[in-house]
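See structure below.
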6 protein chains.
Amino acid sequence: MNGIVVQNVARANGATIDALGACGVSTVHEAQGRTGLLAAYLRPIFAGARIAGSAVTISAPPGDNWMVHVAIEQLEPSDILVIAPSSPCEDGYFGDLLATSAKARGCRGLIIDAGVRDIRDLTEMGFPVWSKAIYAQGTIKASLGSVNVPVICAGALVRAGDIIVADDDGVCVVPVEKAQETLAAAQTREANEADKRRRLASGELGLDMYKMRDKLAALGLKYV
Amino acid sequence: MNGIVVQNVARANGATIDALGACGVSTVHEAQGRTGLLAAYLRPIFAGARIAGSAVTISAPPGDNWMVHVAIEQLEPSDILVIAPSSPCEDGYFGDLLATSAKARGCRGLIIDAGVRDIRDLTEMGFPVWSKAIYAQGTIKASLGSVNVPVICAGALVRAGDIIVADDDGVCVVPVEKAQETLAAAQTREANEADKRRRLASGELGLDMYKMRDKLAALGLKYV
Amino acid sequence: MNGIVVQNVARANGATIDALGACGVSTVHEAQGRTGLLAAYLRPIFAGARIAGSAVTISAPPGDNWMVHVAIEQLEPSDILVIAPSSPCEDGYFGDLLATSAKARGCRGLIIDAGVRDIRDLTEMGFPVWSKAIYAQGTIKASLGSVNVPVICAGALVRAGDIIVADDDGVCVVPVEKAQETLAAAQTREANEADKRRRLASGELGLDMYKMRDKLAALGLKYV
Amino acid sequence: MNGIVVQNVARANGATIDALGACGVSTVHEAQGRTGLLAAYLRPIFAGARIAGSAVTISAPPGDNWMVHVAIEQLEPSDILVIAPSSPCEDGYFGDLLATSAKARGCRGLIIDAGVRDIRDLTEMGFPVWSKAIYAQGTIKASLGSVNVPVICAGALVRAGDIIVADDDGVCVVPVEKAQETLAAAQTREANEADKRRRLASGELGLDMYKMRDKLAALGLKYV
Amino acid sequence: MNGIVVQNVARANGATIDALGACGVSTVHEAQGRTGLLAAYLRPIFAGARIAGSAVTISAPPGDNWMVHVAIEQLEPSDILVIAPSSPCEDGYFGDLLATSAKARGCRGLIIDAGVRDIRDLTEMGFPVWSKAIYAQGTIKASLGSVNVPVICAGALVRAGDIIVADDDGVCVVPVEKAQETLAAAQTREANEADKRRRLASGELGLDMYKMRDKLAALGLKYV
Amino acid sequence: MNGIVVQNVARANGATIDALGACGVSTVHEAQGRTGLLAAYLRPIFAGARIAGSAVTISAPPGDNWMVHVAIEQLEPSDILVIAPSSPCEDGYFGDLLATSAKARGCRGLIIDAGVRDIRDLTEMGFPVWSKAIYAQGTIKASLGSVNVPVICAGALVRAGDIIVADDDGVCVVPVEKAQETLAAAQTREANEADKRRRLASGELGLDMYKMRDKLAALGLKYV
């Protein structure tokens with residue numbers, strides 16, 4: 001199961017990926033039927049980052065970051081690294097040297113269900129990371145893992161080439177084969193929301209705008 | 001127990017509320033005998049916010065945010081929404097549309113023992129939230145809860161009309177009937193602290209200022 | 001075991017301490033053989049702080065901050081307070097008055113395996129704190145603890161005079177007797193990293209730079 | 001707020017209490033509209049205990065069990081001690097000596113949102129405890145708390161005299177004024193369940209017994 | 001994505017399933033290359049249970065157990081129910097009535113990444129459950145989920161028909177297409193272990209039996 | 001720092017060790033001034049075990065149990081293995097084969113700040129373990145750690161030869177040089193408690209037995 005590097009991963013086209021990124025995590029999650037979220041404990045190391053890209057996945061042994069070097073060679077511009085340890089771990093698999101290397105390949109950021117370090121440097125480089133922990137604990141390079149195999153990262157299935165969308169709300173994965181369909185739904189949703197936002201801002205109530213009063217009364221809501 | 005909206009909630013006067021907000025969470029908590037804090041896991045979505053207002057409470061089913069729409073109609077200017085799920089939940093009950101609607105009614109912010117989303121938008125709007133999680137997970141509108149009934153939110157009892165004070169230190173609740181008394185105690189405390197702060201800044205030790213040396217020696221403190 | 005204040009603690013010289021601080025937590029941790037990290041749950045109250053100093057340790061009863069006053073008298077310029085409760089606690093042992101007092105003695109910051117409060121004030125003062133929680137819960141002054149005895153703080157042994165290094169990556173402790181040796185190793189490491197960073201930034205792969213390909217192949221890594 | 005012992009607490013009659021205990025936590029919780037549960041992290045120290053009784057409440061400082069002695073004097077036969085620390089704590093407030101004393105007064109058990117110790121002795125005595133932790137950490141007797149004031153214990157409001165029901169499923173509180181009404185609802189529920197259990201055991205499906213098929217189809221459930 | 005019930009799920013043959021169960025979780029996990037474990041926080045409600053069966057999966061909304069009734073109809077003898085809430089939840093989805101119904105269909109047990117209740121009854125029935133929590137919190141029947149779609153349960157991918165092995169060590173999933181291969185590896189492993197166990201019991205050291213001394217010395221292990 | 005095996009560790013005499021074990025964790029912890037407890041999250045894999053022995057310590061890399069084999073050779077009859085991973089880990093370092101080997105050397109049990117597996121076998125063997133997790137996750141044998149160096153295990157400093165006492169209340173460590181003094185204090189404490197237990201059982205109140213009423217009144221306790 002270990003020791004495999006899958007090459008030639010199919011990716012969605014760049015325009016679709018970027019458009020999904022512009023929609024953001026919450027909208028994309030809703031657009032694909034409220035699926036695809038990674039766990040809430042993944043948090044960005046600095047506020048305001050907003051990225052989308054194709055996943056290059058890494059299944060790594062606990063406390064061993066050797067496969068990250070292998071994965072970096074597989075990066076194409078705009079890709080995002082996704083690291084899942086093979087058992088729960090919060091060690092700092094990734095720091096400024098790896099970020100420098102990944103960035104040189106065009107990598108847009110890192111999603112890791114473990115720890116990250118060199119936060120100051122990564123922040124200065126503008127290299128965004130969503131991680132389970134910030135932890136300086138060093139790792140070793142002794143055992144094989146795999147690259148671009150399907151992984152479960154923070155409770156979600158991520159396959160190489162799937163689209164990752166990440167922002168201040170967290171991280172969402174879109175299966176590559178649903179990229180177009182999800183984008184269409186997300187953009188429709190966004191268009192609908194603009195009008196609602198304007199009406200709510202003007203003081204109209206959701207109770208009226210969504211015509212909820214009758215349904216609530218029918219269920220027995222009582223005002224006292 | 002569910003399906004009730006209490007109207008005509010008594011609130012403290014605005015000047016008292018604002019004065020409590022100016023004192024801040026730590027001072028108000030001390031002033032009412034070290035009571036009223038909500039759990040430390042409630043954290044602000046952005047730094048620097050500092051609000052006070054009357055609580056409009058929501059008891060909501062897990063993963064169902066329908067009652068938030070109902071509650072928004074009950075908001076008066078300067079109120080604060082307080083959402084307590086009826087069982088532990090970290091779903092994202094609240095985002096930019098609800099914030100837009102609440103803000104249009106004059107709402108000062110949200111306290112939620114669950115998740116929130118659209119962090120970037122809420123930050124840009126300057127709509128502060130103290131939450132248990134940041135999580136994009138969408139919710140449904142299927143079941144009734146109640147509005148303005150007493151709730152336990154993050155380990156504290158909050159009744160409609162009670163005063164919520166929230167800042168970078170967390171969240172504190174002041175029973176509406178103790179608002180004046182607590183404010184008086186808080187302001188006295190603040191006055192006392194100004195002088196202490198000046199003396200400590202000049203290098204005077206707490207050991208001397210508070211005359212602690214004899215008591216410590218009596219208890220057996222030994223310098224070696 | 002309790003009720004002891006150790007005076008006349010040996011400290012490393014200031015230049016060594018400052019040089020360790022300049023290296024930062026991750027480098028220092030690696031330099032001393034990947035040891036000395038405090039637990040990842042200790043987080044800074046504001047981003048960007050970077051300090052080093054000699055530890056003045058406090059073993060405190062749960063919810064009782066009396067010993068902090070005792071410890072402040074023991075501070076020398078550039079020292080760092082390290083507070084370990086004698087059983088798990090997240091109460092707010094430390095706020096703006098104590099920070100004012102500690103700062104007046106030249107204290108560079110606080111490491112606490114419990115809670116801290118007055119975050120706004122501490123941020124404005126530029127007084128950095130790494131804590132387990134932000135919590136306004138007030139404490140009492142009733143029981144003795146000890147000052148400058150060895151403590152276990154967030155899973156690491158800290159003795160008075162040991163060097164604390166803290167930054168956005170967390171907190172590391174360097175035994176005072178290993179300060180010189182650790183500094184030398186840290187500076188060597190830093191020198192090595194500058195060249196690596198430049199090569200990785202130019203697109204060279206870690207696989208080549210570190211000559212990993214043969215070893216990976218020997219272990220059986222397969223490209224498919 | 002502290003330093004108060006409320007005497008002469010009104011209690012429900014013993015037959016009602018015992019009957020609620022016989023219904024058990026899950027049934028009683030359902031019978032009062034799915035309210036009253038204490039948090040799931042309260043676990044019994046041994047399996048199989050099943051008790052009900054009137055609450056004698058204790059608000060105790062962190063790491064200080066002095067008030068337990070005060071509360072024991074307030075115990076009447078069949079009462080249950082309910083301890084809530086004034087800030088989060090897992091110290092061992094209660095062990096075999098206190099259990100011996102409480103048992104001598106007829107106390108049926110302890111609910112504690114903190115730690116307990118002497119597990120072997122308590123098990124041999126058959127004195128049941130539902131606690132947040134098992135922890136030998138000793139406590140002190142230095143500060144006042146209160147007895148028989150309302151407390152928030154593990155996320156639920158408990159007032160002196162309220163009925164506590166506890167078994168392997170956890171802990172539930174019934175407001176004393178709703179004891180009769182809740183018991184009636186619980187017993188009705190139990191009667192209904194006996195027939196359902198028999199039918200399900202014979203192989204009838206819930207889908208048919210509860211006539212769910214049409215509703216599910218109407219909502220769009222598809223068999224593929 | 002929701003509202004689907006997949007029928008006619010392919011299952012492994014019963015002899016293979018039972019043989020995997022006899023090997024137990026740790027052996028099966030090792031036999032398939034150290035994969036397939038569900039998270040350690042899933043714990044059995046009583047000690048000593050040891051089961052294997054084909055998964056009937058349920059994706060359920062938070063706090064809504066309607067789909068369990070739908071799933072029970074899909075059970076064949078020896079199957080195991082696997083419930084994954086669509087967002088984190090610890091409510092008690094399952095109790096004695098559902099267990100009675102499931103057992104009547106030949107179900108061997110339940111794996112649930114949420115809560116369970118009626119522990120006493122389930123224990124008396126000998127119906128084993130591995131759950132994230134024991135919690136009496138009642139659920140509703142309002143929204144659709146799906147049955148026999150792939151789910152992520154406690155961090156592992158489980159598809160309908162995959163083999164679940166569960167015992168005191170936790171829970172492991174074996175992809176149905178790897179059942180034979182995994183069983184063969186597990187049985188080989190067991191055979192090997194019997195001899196090792198005998199030798200170790202007689203006092204032979206692992207250092208000698210596995211011929212580790214030279215490798216350890218080569219890596220630099222020093223005896224002092 | 002790594003790769004060291006310390007031999008010829010000084011141990012306390014067997015009678016002292018056994019007598020400390022007979023006192024139990026809570027009494028020993030109190031007897032040495034309320035120090036020495038390991039964290040409450042260490043729990044026994046089965047109830048009722050009660051052991052004491054000299055610590056053979058292991059500092060192990062995350063997910064690597066090679067050093068356990070090295071440590072087993074260092075065991076003398078009545079010793080207890082103490083495993084601390086060098087970064088947080090819950091993998092299953094230890095199972096029935098290692099237990100068989102350790103038991104053959106006279107080892108009395110295991111304390112591990114990580115995971116353990118083969119619970120059924122260990123229970124049948126009567127080999128007690130206090131662990132952070134029960135988790136079948138397999139480990140590797142690739143990197144060196146150290147044996148019989150000082151470790152921080154679950155928040156407590158343990159040195160080779162220190163006495164470990166463990167029972168249903170958790171785990172306590174007694175520095176070897178304080179063994180006699182702690183035993184004397186523990187036995188005195190036990191003697192005192194027998195009389196207290198008898199008096200409390202007869203209905204005498206702690207308030208009277210410990211003469212607390214005046215002190216409580218002096219602090220302001222009010223009966224209402």
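Chains: A, B, ... in order of the structure tokens. Residues: from 1 per chain. Ligands: from 1, in order shown.
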
Inset, instruction - List the neighbours of B:Ala55 out to 7 Å using only C-alpha atoms; skip same-chain residues closer than 6 positions along the sequence, and give me the result as a PyMOL selection string. - result: chain B and resi 79-82+160-164

Using the selection just defined, write its residues with all heavy atoms as a PDB file, in the first residue's frame.
```pdb
ATOM      1  N   ASP B  79     -28.861  45.155  20.654  1.00  0.00           N
ATOM      2  CA  ASP B  79     -28.965  43.796  21.192  1.00  0.00           C
ATOM      3  C   ASP B  79     -27.843  42.893  20.654  1.00  0.00           C
ATOM      4  O   ASP B  79     -27.160  43.211  19.675  1.00  0.00           O
ATOM      5  CB  ASP B  79     -30.313  43.171  20.806  1.00  0.00           C
ATOM      6  CG  ASP B  79     -31.460  43.694  21.659  1.00  0.00           C
ATOM      7  OD1 ASP B  79     -31.206  44.431  22.628  1.00  0.00           O
ATOM      8  OD2 ASP B  79     -32.619  43.370  21.333  1.00  0.00           O
ATOM      9  N   ILE B  80     -27.682  41.770  21.333  1.00  0.00           N
ATOM     10  CA  ILE B  80     -26.692  40.758  20.937  1.00  0.00           C
ATOM     11  C   ILE B  80     -27.399  39.412  20.854  1.00  0.00           C
ATOM     12  O   ILE B  80     -28.127  39.032  21.771  1.00  0.00           O
ATOM     13  CB  ILE B  80     -25.528  40.710  21.963  1.00  0.00           C
ATOM     14  CG1 ILE B  80     -24.735  42.023  21.908  1.00  0.00           C
ATOM     15  CG2 ILE B  80     -24.624  39.517  21.703  1.00  0.00           C
ATOM     16  CD1 ILE B  80     -23.624  42.131  22.937  1.00  0.00           C
ATOM     17  N   LEU B  81     -27.193  38.709  19.769  1.00  0.00           N
ATOM     18  CA  LEU B  81     -27.761  37.362  19.631  1.00  0.00           C
ATOM     19  C   LEU B  81     -26.929  36.353  20.417  1.00  0.00           C
ATOM     20  O   LEU B  81     -25.692  36.399  20.377  1.00  0.00           O
ATOM     21  CB  LEU B  81     -27.791  36.942  18.158  1.00  0.00           C
ATOM     22  CG  LEU B  81     -28.849  37.612  17.278  1.00  0.00           C
ATOM     23  CD1 LEU B  81     -28.571  37.321  15.799  1.00  0.00           C
ATOM     24  CD2 LEU B  81     -30.261  37.129  17.650  1.00  0.00           C
ATOM     25  N   VAL B  82     -27.606  35.446  21.087  1.00  0.00           N
ATOM     26  CA  VAL B  82     -26.938  34.387  21.863  1.00  0.00           C
ATOM     27  C   VAL B  82     -27.564  33.054  21.449  1.00  0.00           C
ATOM     28  O   VAL B  82     -28.728  32.795  21.757  1.00  0.00           O
ATOM     29  CB  VAL B  82     -27.119  34.612  23.374  1.00  0.00           C
ATOM     30  CG1 VAL B  82     -26.493  33.465  24.164  1.00  0.00           C
ATOM     31  CG2 VAL B  82     -26.518  35.940  23.793  1.00  0.00           C
ATOM     32  N   ALA B 160     -33.077  36.143  28.349  1.00  0.00           N
ATOM     33  CA  ALA B 160     -33.321  37.281  27.457  1.00  0.00           C
ATOM     34  C   ALA B 160     -33.277  38.572  28.265  1.00  0.00           C
ATOM     35  O   ALA B 160     -33.854  38.661  29.350  1.00  0.00           O
ATOM     36  CB  ALA B 160     -34.679  37.126  26.785  1.00  0.00           C
ATOM     37  N   GLY B 161     -32.575  39.554  27.757  1.00  0.00           N
ATOM     38  CA  GLY B 161     -32.464  40.834  28.439  1.00  0.00           C
ATOM     39  C   GLY B 161     -31.241  40.941  29.332  1.00  0.00           C
ATOM     40  O   GLY B 161     -30.851  42.050  29.728  1.00  0.00           O
ATOM     41  N   ASP B 162     -30.641  39.819  29.690  1.00  0.00           N
ATOM     42  CA  ASP B 162     -29.394  39.891  30.446  1.00  0.00           C
ATOM     43  C   ASP B 162     -28.356  40.622  29.602  1.00  0.00           C
ATOM     44  O   ASP B 162     -28.411  40.623  28.375  1.00  0.00           O
ATOM     45  CB  ASP B 162     -28.873  38.478  30.787  1.00  0.00           C
ATOM     46  CG  ASP B 162     -29.660  37.835  31.927  1.00  0.00           C
ATOM     47  OD1 ASP B 162     -30.439  38.530  32.604  1.00  0.00           O
ATOM     48  OD2 ASP B 162     -29.482  36.619  32.133  1.00  0.00           O
ATOM     49  N   ILE B 163     -27.396  41.236  30.266  1.00  0.00           N
ATOM     50  CA  ILE B 163     -26.393  41.995  29.515  1.00  0.00           C
ATOM     51  C   ILE B 163     -25.189  41.110  29.197  1.00  0.00           C
ATOM     52  O   ILE B 163     -24.635  40.452  30.071  1.00  0.00           O
ATOM     53  CB  ILE B 163     -25.935  43.230  30.305  1.00  0.00           C
ATOM     54  CG1 ILE B 163     -27.129  44.196  30.411  1.00  0.00           C
ATOM     55  CG2 ILE B 163     -24.785  43.950  29.592  1.00  0.00           C
ATOM     56  CD1 ILE B 163     -27.473  44.493  31.813  1.00  0.00           C
ATOM     57  N   ILE B 164     -24.831  41.118  27.925  1.00  0.00           N
ATOM     58  CA  ILE B 164     -23.642  40.402  27.460  1.00  0.00           C
ATOM     59  C   ILE B 164     -22.516  41.414  27.278  1.00  0.00           C
ATOM     60  O   ILE B 164     -22.718  42.459  26.663  1.00  0.00           O
ATOM     61  CB  ILE B 164     -23.931  39.733  26.099  1.00  0.00           C
ATOM     62  CG1 ILE B 164     -25.023  38.664  26.232  1.00  0.00           C
ATOM     63  CG2 ILE B 164     -22.667  39.145  25.482  1.00  0.00           C
ATOM     64  CD1 ILE B 164     -24.616  37.452  27.031  1.00  0.00           C
TER      65      ILE B 164
END
```

Inset, instruction - Identify every residue of chain A that has at least one atom within 6 Å of any atom of chain B, counting only C-alpha atoms, and report the result as a list in words. - result: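 The answer, sorted by residue number, is Ser26, Ala40, Asp168, Asp169, Arg197, Leu200, Ala201, Gly203, Gly206, Leu221, Lys222, Tyr223 and Val224 of chain A.
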
Inset, instruction - Please report, as a ChimeraX atom specification, each residue of stretch 41-165 of chain F to which DSSP assigns strand (DSSP E or B) when run on this structure's backbone. - result: /F:43-44,51-60,64,80-85,92,109-116,129-134,140,146-147,151-153,156-158,163-165

Selection to disk with C-alpha atoms, as a short mmCIF file (atom, residue, chain, number, x, y, z; two decimals), in the first residue's frame:
```cif
data_model
loop_
_atom_site.label_atom_id
_atom_site.label_comp_id
_atom_site.auth_asym_id
_atom_site.auth_seq_id
_atom_site.Cartn_x
_atom_site.Cartn_y
_atom_site.Cartn_z
CA ARG F 43 -6.43 4.93 32.32
CA PRO F 44 -6.10 1.22 33.15
CA ILE F 51 0.89 -2.56 41.21
CA ALA F 52 4.14 -0.97 42.29
CA GLY F 53 7.61 -1.40 40.88
CA SER F 54 10.81 0.29 39.75
CA ALA F 55 10.61 2.23 36.52
CA VAL F 56 12.50 1.12 33.44
CA THR F 57 12.00 4.14 31.21
CA ILE F 58 11.80 4.33 27.44
CA SER F 59 12.01 7.46 25.32
CA ALA F 60 10.65 6.34 21.94
CA ASP F 64 8.41 3.32 16.62
CA ILE F 80 7.46 -1.57 35.48
CA LEU F 81 7.95 -0.30 31.93
CA VAL F 82 7.34 3.42 31.40
CA ILE F 83 7.10 4.55 27.77
CA ALA F 84 7.10 8.21 26.75
CA PRO F 85 6.98 9.05 23.03
CA GLY F 92 -0.23 0.95 19.71
CA GLY F 109 2.98 -3.83 34.10
CA LEU F 110 3.25 -0.94 31.69
CA ILE F 111 2.66 2.81 31.89
CA ILE F 112 2.49 4.37 28.42
CA ASP F 113 1.73 7.90 27.27
CA ALA F 114 0.53 6.48 23.96
CA GLY F 115 -1.55 3.53 22.77
CA VAL F 116 -1.72 -0.17 23.58
CA VAL F 129 -1.46 -1.34 31.44
CA TRP F 130 -2.23 2.33 32.05
CA SER F 131 -2.37 4.09 28.69
CA LYS F 132 -3.49 7.24 26.92
CA ALA F 133 -5.33 5.27 24.26
CA ILE F 134 -6.35 1.82 23.16
CA ILE F 140 7.79 0.30 13.13
CA SER F 146 16.84 5.68 24.72
CA VAL F 147 16.32 3.44 27.71
CA VAL F 151 11.48 11.05 30.65
CA ILE F 152 8.42 13.24 31.01
CA CYS F 153 5.53 10.78 30.94
CA ALA F 156 5.47 13.88 35.28
CA LEU F 157 9.23 13.42 35.45
CA VAL F 158 10.16 9.74 35.75
CA ILE F 163 8.96 3.86 42.05
CA ILE F 164 5.74 3.69 40.10
CA VAL F 165 2.50 3.07 41.96
#
```

Legend entry - DSSP helix (DSSP H, G or I) residues within stretch 40-209 of chain D, as an MDAnalysis selection string: chainID D and resid 66:74 96:104 119:125 176:201 206:209

Inset, instruction - In Å, rounded to a single decimal, give me how far atom CA of F:Gly63 is from atom CA of E:Cys172. - result: 18.4 Å

Inset, instruction - Write out as JSON, numbers by chain the residues lying within 9 Å of F:Cys23, counting only C-alpha atoms and excluding same-chain residues fewer than 4 positions away. - result: {"F": [18, 19, 27, 28, 165, 183, 186, 187, 190]}

Based on the selection just made, write N, CA and C atoms of those residues as a compact mmCIF listing (two decimals), in the first residue's frame.
```
# COMPACT_ATOMS: atom_id res chain seq x y z
N ASP F 18 6.75 -2.75 47.61
CA ASP F 18 5.47 -3.44 47.79
C ASP F 18 4.60 -2.72 48.82
N ALA F 19 5.22 -2.17 49.82
CA ALA F 19 4.44 -1.46 50.83
C ALA F 19 3.83 -0.18 50.25
N THR F 27 -3.09 7.73 48.41
CA THR F 27 -2.39 7.90 49.68
C THR F 27 -0.92 8.29 49.44
N VAL F 28 -0.28 7.64 48.50
CA VAL F 28 1.13 7.95 48.23
C VAL F 28 1.27 9.37 47.70
N VAL F 165 3.65 3.69 41.30
CA VAL F 165 2.50 3.07 41.96
C VAL F 165 1.30 3.31 41.05
N LEU F 183 7.01 6.38 52.17
CA LEU F 183 6.30 5.23 52.73
C LEU F 183 5.90 5.49 54.19
N ALA F 186 3.03 7.77 54.21
CA ALA F 186 1.82 7.12 53.70
C ALA F 186 1.21 6.21 54.74
N GLN F 187 2.08 5.48 55.45
CA GLN F 187 1.55 4.56 56.46
C GLN F 187 0.95 5.30 57.65
N GLU F 190 -2.41 6.39 56.52
CA GLU F 190 -3.37 5.28 56.53
C GLU F 190 -3.88 4.97 57.92
```

Legend entry - Selected residue of minimal separation from B:Arg108 among B:Gly126, B:Gly170, B:Pro88, B:Gly14, counting only C-alpha atoms: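 Using only C-alpha atoms, B:Arg108 sits closest to B:Gly126.
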
Inset, instruction - Find the spatial neighbours of B:Gly155, counting only C-alpha atoms, within a cut-off of 7 Å - ignore same-chain residues fewer than 6 positions away - and output them as JSON, numbers by chain. - result: {"B": [38, 39], "D": [152, 155]}
